[in-house]
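Enquirer: My structure is below; once you've seen it, I'll send some questions.
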Amino acid sequence: MVSIEHRLTIVVAVAAVLDAGLVCGQQAQVVQPPEIVGKARQIEDYGYLRDAQNRQGFWWENLKYVPVGTSAEAAFVTLGGEMRVRYEWIDHTDFGSGPQDTGGYLLTRYIPYASLRVPNLSGGWELLLFGQVEAAFSEHDARGPGPIDEDAFDVLQTFARVTLPLGNGELSIQAGRQGIAFGTERLLGARYGPNIPLSFDGGLVSWRGDVWDVSGFYLWPVQVDPDPLDNQSGDDEQLWGIYSTRKLGDLLPSLSEAAADFYYLGYSNAAASYASGTGRELRHTIGARFFGNQRVAGGTLDWNYEGMLQFGSFDSERGDGDIFAWSIGTETGYTWDAFLTPRFCVRANVISGDSNASDADLQTFNPLFPKGKYFGELTPVGPYNLINVLGAASIRVTDRITISAQGGPYWRYSTDDAVYGVGGNLVREDVGASNARFIGAQFEVVAEWTPARELGFLVSYSQFVPDAFINESGPSETIHFIAVEAVVQF
């Protein structure tokens, strides 16, 4: 087994090479390389490298454009990957409930990918074949690996996509195993932060135009099995829907960077579990999001406001019940054009909970498949039955170093419902021990350094101080959490 010290030595060595700027030449920049998008490498297009004048001598260019054939418009292969090493130390998991780890643990993952892009087919069609595998490991954790921490080897994505011009835009049809992310990932996220990202089996059809982007999909979430090549989806959980985004610059000329999302999501789960019971869930979600940014005075104002309404049925041991739930999420920020580029923002969420745990009806909001680090590096409390307010601030020490901090209180929305984790697990169930709403307060500070395009480091410290409800319903220790992360992407 490779030691922690050896893995970190490898990462530091890569950092030294990349930061030294080892390139094969010193040509003037012609085209900016696409940004590395860790959770969606399939959207990176390196076709610009077919023109030799666009090559700048970066070490990775020969991996990103491997022509298949000799024609000027030949198909090409792109190779890449990610290696992430992450050390975490947590004191008092779940406020001191259950098994504990006191020595820290190591999470590593390796995610290589390969794609074949065939551009300029007859009629302007383009074909993309994309494959991505993952190997993830958890070591030295006395509690044992979590359900999305360890997987010896499996397929993360493997799909085919055909894109063709249609009207004033383009239509794409994608089928296979794939990751998805929409909006701010309050409901549909890639789960990129945890050790194993989320995949779905199924199909997705998208149309992208000058003003509208519209996607329709039918998907089955893939369940993680730690054994090799055992991850699979099933009929117990299904997701379908339509997600659209409309640019608003033509309708609101004074808000040229504003846009809105409108969506419908359907979800079924044969074994849904809440504090009130376990049963078959059929849930429909309709939602809208208004977001954008605008130059104001000496800086930029940004906003992101979203409302969601859910209805359906929940058939549990308490009987055949109806679902009616809702959530409102907001973020308002301002960035100054000043030294250190300071940004301040306020995030607030109101998320419904069950009003009566003894009847068959259910008012607990279900965030479906949200991003993994929902409220920060430490997220002991998930977006169920919750009211919270977080104030956040960040500065850019240099173009490559950012420091941010955030903190704020959390309350239960309903005193007759539990406190849940991000994955829907029960963190603290209300068994009548407390009628308090106040869960506690969280504080976090994060420093990030990107010495090169392909390399990033992160260090964070977080704490969650419990209050009335946690104090009155069981163990109530303050959670302390430290994370140190290094990631190489190419």
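In the structure tokens, the first chain shown is A, the next is B, and so on; residue numbers restart at 1 for each chain, and ligands run from 1 in the order shown.
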As a PyMOL selection string, please: the residues near Gly279 (chain A) (cut-off 6 Å, only C-alpha atoms, same-chain neighbours under 5 positions excluded).

Expert: chain A and resi 271-272+315-316

Enquirer: Take the selection from the previous step and output its residues with C-alpha atoms, as a compact mmCIF listing (two decimals), in the first residue's frame.

Expert:
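Writing done, so here's part_24.txt:
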```
# COMPACT_ATOMS: atom_id res chain seq x y z
CA ALA A 271 -38.06 2.48 -0.36
CA ALA A 272 -38.04 6.14 0.68
CA ASP A 315 -47.49 5.08 0.91
CA SER A 316 -45.94 3.93 4.19
```

Enquirer: Do you have, as a Markdown table, the list of residues of region 360-460 of chain A lying at most 12 Å from region 262-267 of chain A, each with its nearest atom pair and that distance in Å to one decimal, counting only C-alpha atoms and ordered by chain then number?

Expert:
```
| residue | atom | partner | partner_atom | distance |
| --- | --- | --- | --- | --- |
| A:Asn366 | CA | A:Tyr267 | CA | 9.9 |
| A:Pro367 | CA | A:Tyr267 | CA | 10.7 |
| A:Leu368 | CA | A:Tyr267 | CA | 7.9 |
| A:Phe369 | CA | A:Tyr267 | CA | 10.4 |
```

Enquirer: Can you write out the residues you just picked, keeping C-alpha atoms, as a compact mmCIF listing (two decimals), in the first residue's frame?

Expert:
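Below is the file that was written, selection_32.txt:
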```txt
# COMPACT_ATOMS: atom_id res chain seq x y z
CA ASN A 366 -36.83 16.04 -0.67
CA PRO A 367 -33.76 17.65 -2.36
CA LEU A 368 -33.49 14.58 -4.63
CA PHE A 369 -29.84 14.49 -5.77
```

Enquirer: Could you check the closest approach to Phe375 (chain A) for each of A:Phe339, A:Tyr65, A:Phe443, A:Phe314 and tell me which residue wins, using only C-alpha atoms?

Expert: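 Of A:Phe339, A:Tyr65, A:Phe443, A:Phe314, the one nearest Phe375 (chain A), counting only C-alpha atoms, is A:Phe443.
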
Enquirer: Show which residues sit within 9 Å of Pro99 (chain A), as a list in words. Count only C-alpha atoms, and ignore same-chain residues fewer than 6 positions away.

Expert: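 In the requested form, the answer reads Thr93, Ala142 and Arg143 of chain A.
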
Enquirer: Which residues of region 107-202 of chain A sit at most 6 Å from region 215-236 of chain A, using only C-alpha atoms? Give each one's shortest atom pair and distance in Å (one decimal place), in chain and ascending residue order, as a tab-separated table.

Expert:
```
residue	atom	partner	partner_atom	distance
A:Glu150	CA	A:Pro226	CA	5.7
A:Asp151	CA	A:Pro226	CA	4.0
A:Ala152	CA	A:Pro228	CA	5.2
A:Phe153	CA	A:Pro228	CA	4.7
A:Asp154	CA	A:Leu229	CA	4.6
A:Ser199	CA	A:Val222	CA	5.5
A:Phe200	CA	A:Pro221	CA	4.3
A:Asp201	CA	A:Trp220	CA	5.1
A:Gly202	CA	A:Leu219	CA	4.5
```

Enquirer: When you look at Arg208 (chain A) with a cut-off of 10 Å (counting only C-alpha atoms), what residues show up, excluding the ones that are within fewer than 3 positions of it in the same chain? I need them as a list in words.

Expert: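 So the residues in contact are Pro165, Leu166, Gly167, Asn168, Gly169, Glu170, Leu171, Ser172, Val211, Trp212, Asp213, Val214, Ser215, Ser244 and Thr245 of chain A.
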
Enquirer: Take the residues from that selection and put them in a file with all heavy atoms, as an mmCIF file, in the first residue's frame.

Expert:
```
data_model
loop_
_atom_site.group_PDB
_atom_site.id
_atom_site.type_symbol
_atom_site.label_atom_id
_atom_site.label_comp_id
_atom_site.auth_asym_id
_atom_site.auth_seq_id
_atom_site.Cartn_x
_atom_site.Cartn_y
_atom_site.Cartn_z
ATOM 1 N N PRO A 165 -27.423 20.448 -36.050
ATOM 2 C CA PRO A 165 -28.061 21.762 -36.083
ATOM 3 C C PRO A 165 -29.564 21.630 -36.254
ATOM 4 O O PRO A 165 -30.058 20.763 -36.978
ATOM 5 C CB PRO A 165 -27.406 22.424 -37.310
ATOM 6 C CG PRO A 165 -26.916 21.300 -38.157
ATOM 7 C CD PRO A 165 -26.570 20.193 -37.212
ATOM 8 N N LEU A 166 -30.289 22.492 -35.561
ATOM 9 C CA LEU A 166 -31.754 22.495 -35.649
ATOM 10 C C LEU A 166 -32.247 23.903 -35.381
ATOM 11 O O LEU A 166 -32.026 24.457 -34.299
ATOM 12 C CB LEU A 166 -32.358 21.509 -34.651
ATOM 13 C CG LEU A 166 -33.885 21.404 -34.661
ATOM 14 C CD1 LEU A 166 -34.369 20.804 -35.993
ATOM 15 C CD2 LEU A 166 -34.384 20.559 -33.499
ATOM 16 N N GLY A 167 -32.919 24.483 -36.370
ATOM 17 C CA GLY A 167 -33.414 25.846 -36.225
ATOM 18 C C GLY A 167 -32.270 26.808 -36.016
ATOM 19 O O GLY A 167 -31.247 26.762 -36.718
ATOM 20 N N ASN A 168 -32.406 27.674 -35.010
ATOM 21 C CA ASN A 168 -31.333 28.629 -34.711
ATOM 22 C C ASN A 168 -30.431 28.125 -33.599
ATOM 23 O O ASN A 168 -29.747 28.903 -32.944
ATOM 24 C CB ASN A 168 -31.925 29.991 -34.322
ATOM 25 C CG ASN A 168 -32.752 29.922 -33.047
ATOM 26 O OD1 ASN A 168 -33.128 28.835 -32.612
ATOM 27 N ND2 ASN A 168 -33.031 31.078 -32.460
ATOM 28 N N GLY A 169 -30.430 26.813 -33.395
ATOM 29 C CA GLY A 169 -29.588 26.237 -32.350
ATOM 30 C C GLY A 169 -29.122 24.854 -32.728
ATOM 31 O O GLY A 169 -28.969 24.527 -33.913
ATOM 32 N N GLU A 170 -28.914 24.015 -31.722
ATOM 33 C CA GLU A 170 -28.473 22.658 -31.975
ATOM 34 C C GLU A 170 -29.160 21.699 -31.010
ATOM 35 O O GLU A 170 -29.434 22.027 -29.848
ATOM 36 C CB GLU A 170 -26.952 22.528 -31.867
ATOM 37 C CG GLU A 170 -26.382 22.859 -30.512
ATOM 38 C CD GLU A 170 -24.866 22.694 -30.480
ATOM 39 O OE1 GLU A 170 -24.222 22.818 -31.538
ATOM 40 O OE2 GLU A 170 -24.331 22.448 -29.375
ATOM 41 N N LEU A 171 -29.428 20.511 -31.525
ATOM 42 C CA LEU A 171 -30.077 19.452 -30.756
ATOM 43 C C LEU A 171 -29.049 18.370 -30.464
ATOM 44 O O LEU A 171 -28.273 17.977 -31.339
ATOM 45 C CB LEU A 171 -31.236 18.867 -31.559
ATOM 46 C CG LEU A 171 -31.973 17.673 -30.923
ATOM 47 C CD1 LEU A 171 -32.828 18.145 -29.762
ATOM 48 C CD2 LEU A 171 -32.839 16.970 -31.976
ATOM 49 N N SER A 172 -29.024 17.880 -29.220
ATOM 50 C CA SER A 172 -28.142 16.781 -28.872
ATOM 51 C C SER A 172 -28.942 15.675 -28.207
ATOM 52 O O SER A 172 -29.874 15.932 -27.442
ATOM 53 C CB SER A 172 -27.011 17.249 -27.954
ATOM 54 O OG SER A 172 -27.510 17.670 -26.705
ATOM 55 N N VAL A 211 -31.447 31.943 -27.028
ATOM 56 C CA VAL A 211 -32.136 32.441 -25.840
ATOM 57 C C VAL A 211 -32.506 31.314 -24.880
ATOM 58 O O VAL A 211 -32.381 31.460 -23.667
ATOM 59 C CB VAL A 211 -33.406 33.223 -26.249
ATOM 60 C CG1 VAL A 211 -34.204 33.649 -25.026
ATOM 61 C CG2 VAL A 211 -33.023 34.450 -27.072
ATOM 62 N N TRP A 212 -32.937 30.182 -25.412
ATOM 63 C CA TRP A 212 -33.410 29.077 -24.587
ATOM 64 C C TRP A 212 -32.435 27.904 -24.608
ATOM 65 O O TRP A 212 -31.854 27.585 -25.641
ATOM 66 C CB TRP A 212 -34.762 28.565 -25.087
ATOM 67 C CG TRP A 212 -35.942 29.402 -24.716
ATOM 68 C CD1 TRP A 212 -36.530 30.379 -25.474
ATOM 69 C CD2 TRP A 212 -36.698 29.332 -23.502
ATOM 70 N NE1 TRP A 212 -37.607 30.914 -24.812
ATOM 71 C CE2 TRP A 212 -37.728 30.298 -23.598
ATOM 72 C CE3 TRP A 212 -36.611 28.555 -22.348
ATOM 73 C CZ2 TRP A 212 -38.660 30.498 -22.585
ATOM 74 C CZ3 TRP A 212 -37.536 28.749 -21.340
ATOM 75 C CH2 TRP A 212 -38.546 29.709 -21.455
ATOM 76 N N ASP A 213 -32.282 27.245 -23.453
ATOM 77 C CA ASP A 213 -31.682 25.914 -23.342
ATOM 78 C C ASP A 213 -32.745 25.023 -22.699
ATOM 79 O O ASP A 213 -33.272 25.355 -21.632
ATOM 80 C CB ASP A 213 -30.438 25.906 -22.447
ATOM 81 C CG ASP A 213 -29.251 26.599 -23.084
ATOM 82 O OD1 ASP A 213 -29.347 26.978 -24.257
ATOM 83 O OD2 ASP A 213 -28.238 26.767 -22.394
ATOM 84 N N VAL A 214 -33.048 23.887 -23.326
ATOM 85 C CA VAL A 214 -34.081 22.995 -22.806
ATOM 86 C C VAL A 214 -33.555 21.565 -22.834
ATOM 87 O O VAL A 214 -33.006 21.115 -23.855
ATOM 88 C CB VAL A 214 -35.381 23.084 -23.640
ATOM 89 C CG1 VAL A 214 -36.456 22.189 -23.033
ATOM 90 C CG2 VAL A 214 -35.875 24.521 -23.725
ATOM 91 N N SER A 215 -33.700 20.853 -21.709
ATOM 92 C CA SER A 215 -33.268 19.459 -21.618
ATOM 93 C C SER A 215 -34.400 18.607 -21.060
ATOM 94 O O SER A 215 -35.078 19.002 -20.114
ATOM 95 C CB SER A 215 -32.041 19.323 -20.699
ATOM 96 O OG SER A 215 -30.919 20.006 -21.229
ATOM 97 N N SER A 244 -35.265 23.885 -18.170
ATOM 98 C CA SER A 244 -35.054 24.919 -19.189
ATOM 99 C C SER A 244 -34.440 26.165 -18.563
ATOM 100 O O SER A 244 -34.670 26.467 -17.393
ATOM 101 C CB SER A 244 -36.371 25.272 -19.877
ATOM 102 O OG SER A 244 -37.284 25.855 -18.953
ATOM 103 N N THR A 245 -33.665 26.870 -19.378
ATOM 104 C CA THR A 245 -33.058 28.146 -18.976
ATOM 105 C C THR A 245 -33.343 29.169 -20.057
ATOM 106 O O THR A 245 -33.161 28.900 -21.256
ATOM 107 C CB THR A 245 -31.538 28.006 -18.788
ATOM 108 O OG1 THR A 245 -31.268 27.022 -17.782
ATOM 109 C CG2 THR A 245 -30.922 29.331 -18.366
#
```

Enquirer: Need to verify the contact set: region 301-308 of chain A, 6 Å, only C-alpha atoms, exclusion of same-chain residues closer than 4 positions in sequence. Can you return it as a ChimeraX atom specification?

Expert: /A:286-294,326-334

Enquirer: Near Leu248 (chain A), counting only C-alpha atoms, which residues have an atom at most 9 Å away, once you skip same-chain residues fewer than 6 positions from it, shown as an MDAnalysis selection string?

Expert: chainID A and resid 211 255:260

Enquirer: Write the residues you've just listed into a file as a CSV table (one decimal), in the first residue's frame, and include C-alpha atoms for each of them.

Expert:
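Writing the result to again.csv gives the following:
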```csv
chain,number,residue,atom,x,y,z
A,211,VAL,CA,-32.1,32.4,-25.8
A,255,LEU,CA,-30.3,43.4,-16.6
A,256,SER,CA,-28.4,42.0,-19.6
A,257,GLU,CA,-26.8,39.2,-17.6
A,258,ALA,CA,-30.0,38.0,-16.0
A,259,ALA,CA,-31.6,34.6,-16.7
A,260,ALA,CA,-34.3,32.3,-15.4
```

Enquirer: How far is it from CA of Ser355 (chain A) to CA of Asp416 (chain A), in Å with one decimal?

Expert: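 So the two atoms, CA of Ser355 (chain A) and CA of Asp416 (chain A), lie 5.8 Å apart.
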
Enquirer: Among region 129-291 of chain A, which ones does DSSP assign to strand (DSSP E) (computed from the backbone)? Answer as a PyMOL selection string.

Expert: chain A and resi 129-139+151-166+169-178+200-208+212-223+232-233+237-247+259-274+277-291

Enquirer: Could you dump the residues just selected with C-alpha atoms as a compact mmCIF listing (two decimals), in the first residue's frame?

Expert:
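Written output follows (again-v2.txt):
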```txt
# COMPACT_ATOMS: atom_id res chain seq x y z
CA LEU A 129 -18.14 8.87 -27.51
CA PHE A 130 -17.09 9.43 -23.91
CA GLY A 131 -15.79 6.99 -21.31
CA GLN A 132 -14.68 7.63 -17.72
CA VAL A 133 -13.79 5.17 -14.97
CA GLU A 134 -13.08 5.68 -11.29
CA ALA A 135 -11.18 4.02 -8.48
CA ALA A 136 -11.75 5.42 -4.98
CA PHE A 137 -10.26 4.39 -1.65
CA SER A 138 -10.78 5.18 2.03
CA GLU A 139 -8.01 4.33 4.49
CA ASP A 151 -15.05 1.60 -4.87
CA ALA A 152 -12.26 -0.61 -6.18
CA PHE A 153 -12.94 0.11 -9.87
CA ASP A 154 -16.03 0.95 -11.88
CA VAL A 155 -17.50 2.84 -14.81
CA LEU A 156 -18.40 6.42 -13.95
CA GLN A 157 -19.55 7.52 -17.40
CA THR A 158 -19.86 5.82 -20.77
CA PHE A 159 -22.22 7.38 -23.28
CA ALA A 160 -22.71 8.38 -26.89
CA ARG A 161 -23.92 11.82 -27.92
CA VAL A 162 -25.05 13.01 -31.33
CA THR A 163 -25.34 16.76 -31.96
CA LEU A 164 -26.98 18.28 -35.02
CA PRO A 165 -28.06 21.76 -36.08
CA LEU A 166 -31.75 22.49 -35.65
CA GLY A 169 -29.59 26.24 -32.35
CA GLU A 170 -28.47 22.66 -31.98
CA LEU A 171 -30.08 19.45 -30.76
CA SER A 172 -28.14 16.78 -28.87
CA ILE A 173 -29.21 13.25 -27.96
CA GLN A 174 -27.18 11.47 -25.28
CA ALA A 175 -27.61 7.91 -23.98
CA GLY A 176 -25.69 5.70 -21.58
CA ARG A 177 -24.16 6.19 -18.13
CA GLN A 178 -23.64 9.89 -17.42
CA PHE A 200 -27.18 7.92 -13.87
CA ASP A 201 -28.15 5.40 -16.54
CA GLY A 202 -30.56 6.63 -19.16
CA GLY A 203 -31.07 9.22 -21.85
CA LEU A 204 -30.99 13.01 -22.18
CA VAL A 205 -32.17 15.20 -25.06
CA SER A 206 -31.15 18.86 -25.14
CA TRP A 207 -31.75 21.81 -27.42
CA ARG A 208 -29.61 24.93 -27.12
CA TRP A 212 -33.41 29.08 -24.59
CA ASP A 213 -31.68 25.91 -23.34
CA VAL A 214 -34.08 22.99 -22.81
CA SER A 215 -33.27 19.46 -21.62
CA GLY A 216 -35.50 16.45 -21.14
CA PHE A 217 -34.36 13.23 -19.49
CA TYR A 218 -35.30 9.86 -18.04
CA LEU A 219 -32.67 8.44 -15.68
CA TRP A 220 -31.96 5.75 -13.11
CA PRO A 221 -29.41 6.64 -10.37
CA VAL A 222 -26.42 4.30 -10.13
CA GLN A 223 -25.80 2.74 -6.72
CA GLN A 232 -25.62 -0.60 -11.30
CA SER A 233 -28.98 1.12 -11.45
CA GLU A 237 -35.43 4.77 -8.08
CA GLN A 238 -36.31 6.70 -11.23
CA LEU A 239 -35.95 10.34 -12.24
CA TRP A 240 -37.49 12.15 -15.19
CA GLY A 241 -38.12 15.75 -16.10
CA ILE A 242 -37.64 18.87 -18.20
CA TYR A 243 -35.18 21.63 -17.26
CA SER A 244 -35.05 24.92 -19.19
CA THR A 245 -33.06 28.15 -18.98
CA ARG A 246 -34.13 31.42 -20.57
CA LYS A 247 -31.74 34.36 -21.02
CA ALA A 259 -31.57 34.57 -16.71
CA ALA A 260 -34.27 32.27 -15.36
CA ASP A 261 -34.70 28.51 -14.98
CA PHE A 262 -38.04 26.72 -15.18
CA TYR A 263 -38.31 23.01 -14.53
CA TYR A 264 -40.41 19.98 -13.72
CA LEU A 265 -38.88 16.89 -12.07
CA GLY A 266 -40.56 13.57 -11.40
CA TYR A 267 -39.11 11.06 -8.95
CA SER A 268 -40.13 7.67 -7.63
CA ASN A 269 -38.52 5.61 -4.87
CA ALA A 270 -39.79 2.22 -3.75
CA ALA A 271 -38.06 2.48 -0.36
CA ALA A 272 -38.04 6.14 0.68
CA SER A 273 -37.30 6.74 4.36
CA TYR A 274 -38.20 9.67 6.59
CA GLY A 277 -41.73 6.01 8.19
CA THR A 278 -40.56 4.11 5.13
CA GLY A 279 -42.56 3.45 1.98
CA ARG A 280 -43.13 4.09 -1.71
CA GLU A 281 -42.70 7.70 -2.76
CA LEU A 282 -43.92 9.39 -5.93
CA ARG A 283 -42.93 13.04 -5.94
CA HIS A 284 -43.33 15.83 -8.48
CA THR A 285 -41.29 19.04 -8.25
CA ILE A 286 -41.93 22.28 -10.10
CA GLY A 287 -39.51 25.15 -9.65
CA ALA A 288 -38.12 28.41 -10.94
CA ARG A 289 -34.84 30.24 -10.43
CA PHE A 290 -33.94 33.87 -11.16
CA PHE A 291 -30.22 34.61 -11.27
```

Enquirer: Show which residues sit within 9 Å of Ala190 (chain A), as a list in words. Count only C-alpha atoms, and ignore same-chain residues fewer than 4 positions away.

Expert: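 These residues fall inside the cut-off: Lys39, Ala40, Gly179, Ile180, Ala181, Phe182, Glu185, Pro197, Leu198, Ser199, Phe369, Pro370, Lys371 and Gly372 of chain A.
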
Enquirer: Generate the output file for the selected residues, all heavy atoms, as an mmCIF file, in the first residue's frame.

Expert:
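File written: selection-v4.cif
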```
data_model
loop_
_atom_site.group_PDB
_atom_site.id
_atom_site.type_symbol
_atom_site.label_atom_id
_atom_site.label_comp_id
_atom_site.auth_asym_id
_atom_site.auth_seq_id
_atom_site.Cartn_x
_atom_site.Cartn_y
_atom_site.Cartn_z
ATOM 1 N N LYS A 39 -16.233 18.233 -12.828
ATOM 2 C CA LYS A 39 -17.419 17.390 -12.740
ATOM 3 C C LYS A 39 -18.041 17.092 -14.101
ATOM 4 O O LYS A 39 -19.003 16.334 -14.185
ATOM 5 C CB LYS A 39 -18.462 18.046 -11.843
ATOM 6 C CG LYS A 39 -18.931 19.417 -12.315
ATOM 7 C CD LYS A 39 -19.797 20.081 -11.273
ATOM 8 C CE LYS A 39 -20.182 21.496 -11.678
ATOM 9 N NZ LYS A 39 -20.955 22.185 -10.623
ATOM 10 N N ALA A 40 -17.509 17.664 -15.175
ATOM 11 C CA ALA A 40 -18.094 17.456 -16.506
ATOM 12 C C ALA A 40 -17.012 17.579 -17.563
ATOM 13 O O ALA A 40 -17.045 18.469 -18.416
ATOM 14 C CB ALA A 40 -19.218 18.456 -16.756
ATOM 15 N N GLY A 179 -23.062 11.657 -15.885
ATOM 16 C CA GLY A 179 -23.274 12.565 -14.775
ATOM 17 C C GLY A 179 -24.036 13.780 -15.260
ATOM 18 O O GLY A 179 -23.901 14.196 -16.406
ATOM 19 N N ILE A 180 -24.857 14.356 -14.384
ATOM 20 C CA ILE A 180 -25.620 15.542 -14.749
ATOM 21 C C ILE A 180 -25.500 16.581 -13.645
ATOM 22 O O ILE A 180 -25.224 16.259 -12.490
ATOM 23 C CB ILE A 180 -27.109 15.238 -15.017
ATOM 24 C CG1 ILE A 180 -27.772 14.703 -13.741
ATOM 25 C CG2 ILE A 180 -27.277 14.269 -16.162
ATOM 26 C CD1 ILE A 180 -29.286 14.615 -13.845
ATOM 27 N N ALA A 181 -25.693 17.833 -14.003
ATOM 28 C CA ALA A 181 -25.730 18.930 -13.034
ATOM 29 C C ALA A 181 -26.537 20.068 -13.648
ATOM 30 O O ALA A 181 -26.266 20.472 -14.783
ATOM 31 C CB ALA A 181 -24.324 19.397 -12.679
ATOM 32 N N PHE A 182 -27.533 20.555 -12.923
ATOM 33 C CA PHE A 182 -28.372 21.645 -13.405
ATOM 34 C C PHE A 182 -28.444 22.738 -12.353
ATOM 35 O O PHE A 182 -28.511 22.467 -11.150
ATOM 36 C CB PHE A 182 -29.784 21.149 -13.709
ATOM 37 C CG PHE A 182 -29.889 20.306 -14.959
ATOM 38 C CD1 PHE A 182 -29.896 18.928 -14.871
ATOM 39 C CD2 PHE A 182 -29.981 20.900 -16.204
ATOM 40 C CE1 PHE A 182 -29.997 18.137 -16.010
ATOM 41 C CE2 PHE A 182 -30.084 20.130 -17.355
ATOM 42 C CZ PHE A 182 -30.089 18.745 -17.265
ATOM 43 N N GLU A 185 -27.384 23.200 -8.423
ATOM 44 C CA GLU A 185 -27.312 21.831 -7.906
ATOM 45 C C GLU A 185 -28.030 21.665 -6.572
ATOM 46 O O GLU A 185 -27.652 20.858 -5.742
ATOM 47 C CB GLU A 185 -25.850 21.368 -7.805
ATOM 48 C CG GLU A 185 -25.118 21.411 -9.132
ATOM 49 C CD GLU A 185 -23.723 20.829 -9.056
ATOM 50 O OE1 GLU A 185 -23.559 19.716 -8.533
ATOM 51 O OE2 GLU A 185 -22.785 21.499 -9.525
ATOM 52 N N PRO A 197 -18.296 10.503 -7.373
ATOM 53 C CA PRO A 197 -19.368 11.299 -7.986
ATOM 54 C C PRO A 197 -20.581 10.435 -8.318
ATOM 55 O O PRO A 197 -20.533 9.202 -8.323
ATOM 56 C CB PRO A 197 -18.706 11.851 -9.257
ATOM 57 C CG PRO A 197 -17.236 11.802 -8.980
ATOM 58 C CD PRO A 197 -17.039 10.580 -8.127
ATOM 59 N N LEU A 198 -21.683 11.115 -8.621
ATOM 60 C CA LEU A 198 -22.946 10.446 -8.903
ATOM 61 C C LEU A 198 -23.110 10.227 -10.400
ATOM 62 O O LEU A 198 -22.812 11.118 -11.204
ATOM 63 C CB LEU A 198 -24.107 11.293 -8.372
ATOM 64 C CG LEU A 198 -25.521 10.797 -8.647
ATOM 65 C CD1 LEU A 198 -25.774 9.452 -7.979
ATOM 66 C CD2 LEU A 198 -26.545 11.833 -8.190
ATOM 67 N N SER A 199 -23.594 9.057 -10.772
ATOM 68 C CA SER A 199 -23.890 8.732 -12.163
ATOM 69 C C SER A 199 -25.336 8.287 -12.300
ATOM 70 O O SER A 199 -25.951 7.803 -11.340
ATOM 71 C CB SER A 199 -22.973 7.619 -12.680
ATOM 72 O OG SER A 199 -21.623 7.993 -12.660
ATOM 73 N N PHE A 369 -31.243 14.849 -5.573
ATOM 74 C CA PHE A 369 -29.836 14.494 -5.767
ATOM 75 C C PHE A 369 -28.972 15.763 -5.708
ATOM 76 O O PHE A 369 -28.419 16.198 -6.722
ATOM 77 C CB PHE A 369 -29.653 13.779 -7.107
ATOM 78 C CG PHE A 369 -30.497 12.547 -7.239
ATOM 79 C CD1 PHE A 369 -31.719 12.593 -7.900
ATOM 80 C CD2 PHE A 369 -30.089 11.346 -6.690
ATOM 81 C CE1 PHE A 369 -32.508 11.461 -8.023
ATOM 82 C CE2 PHE A 369 -30.866 10.207 -6.796
ATOM 83 C CZ PHE A 369 -32.081 10.262 -7.462
ATOM 84 N N PRO A 370 -28.835 16.357 -4.540
ATOM 85 C CA PRO A 370 -28.126 17.645 -4.445
ATOM 86 C C PRO A 370 -26.615 17.456 -4.466
ATOM 87 O O PRO A 370 -26.091 16.347 -4.371
ATOM 88 C CB PRO A 370 -28.578 18.174 -3.081
ATOM 89 C CG PRO A 370 -28.766 16.920 -2.264
ATOM 90 C CD PRO A 370 -29.328 15.898 -3.229
ATOM 91 N N LYS A 371 -25.906 18.569 -4.604
ATOM 92 C CA LYS A 371 -24.444 18.533 -4.528
ATOM 93 C C LYS A 371 -24.037 18.018 -3.148
ATOM 94 O O LYS A 371 -24.724 18.220 -2.147
ATOM 95 C CB LYS A 371 -23.863 19.910 -4.778
ATOM 96 C CG LYS A 371 -24.356 21.003 -3.852
ATOM 97 C CD LYS A 371 -23.839 22.359 -4.293
ATOM 98 C CE LYS A 371 -24.422 23.478 -3.436
ATOM 99 N NZ LYS A 371 -23.975 24.816 -3.894
ATOM 100 N N GLY A 372 -22.865 17.369 -3.089
ATOM 101 C CA GLY A 372 -22.465 16.685 -1.863
ATOM 102 C C GLY A 372 -22.116 17.608 -0.719
ATOM 103 O O GLY A 372 -22.526 17.383 0.424
#
```

Enquirer: Please report the interatomic distance between CA of Val37 (chain A) and CA of Ser462 (chain A) in Å with one decimal.

Expert: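 The value is 25.9 Å.
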
Enquirer: Find the distance between CA of Asp322 (chain A) and CA of Leu386 (chain A) and write it in Å to one decimal.

Expert: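 Separating CA of Asp322 (chain A) from CA of Leu386 (chain A) is a distance of 20.4 Å.
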
Enquirer: Between A:Ile148, A:Leu63, A:Val389, A:Val118, which is the closest to Gly408 (chain A) once you count only C-alpha atoms?

Expert: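 Result for the nearest residue to Gly408 (chain A): A:Val389.
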
Enquirer: Which residue is closest to Asp91 (chain A)? Choose from A:Ala468, A:Ala405, A:Pro342, A:Gly104 and count only C-alpha atoms.

Expert: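 For Asp91 (chain A), the nearest of the given residues is A:Gly104.
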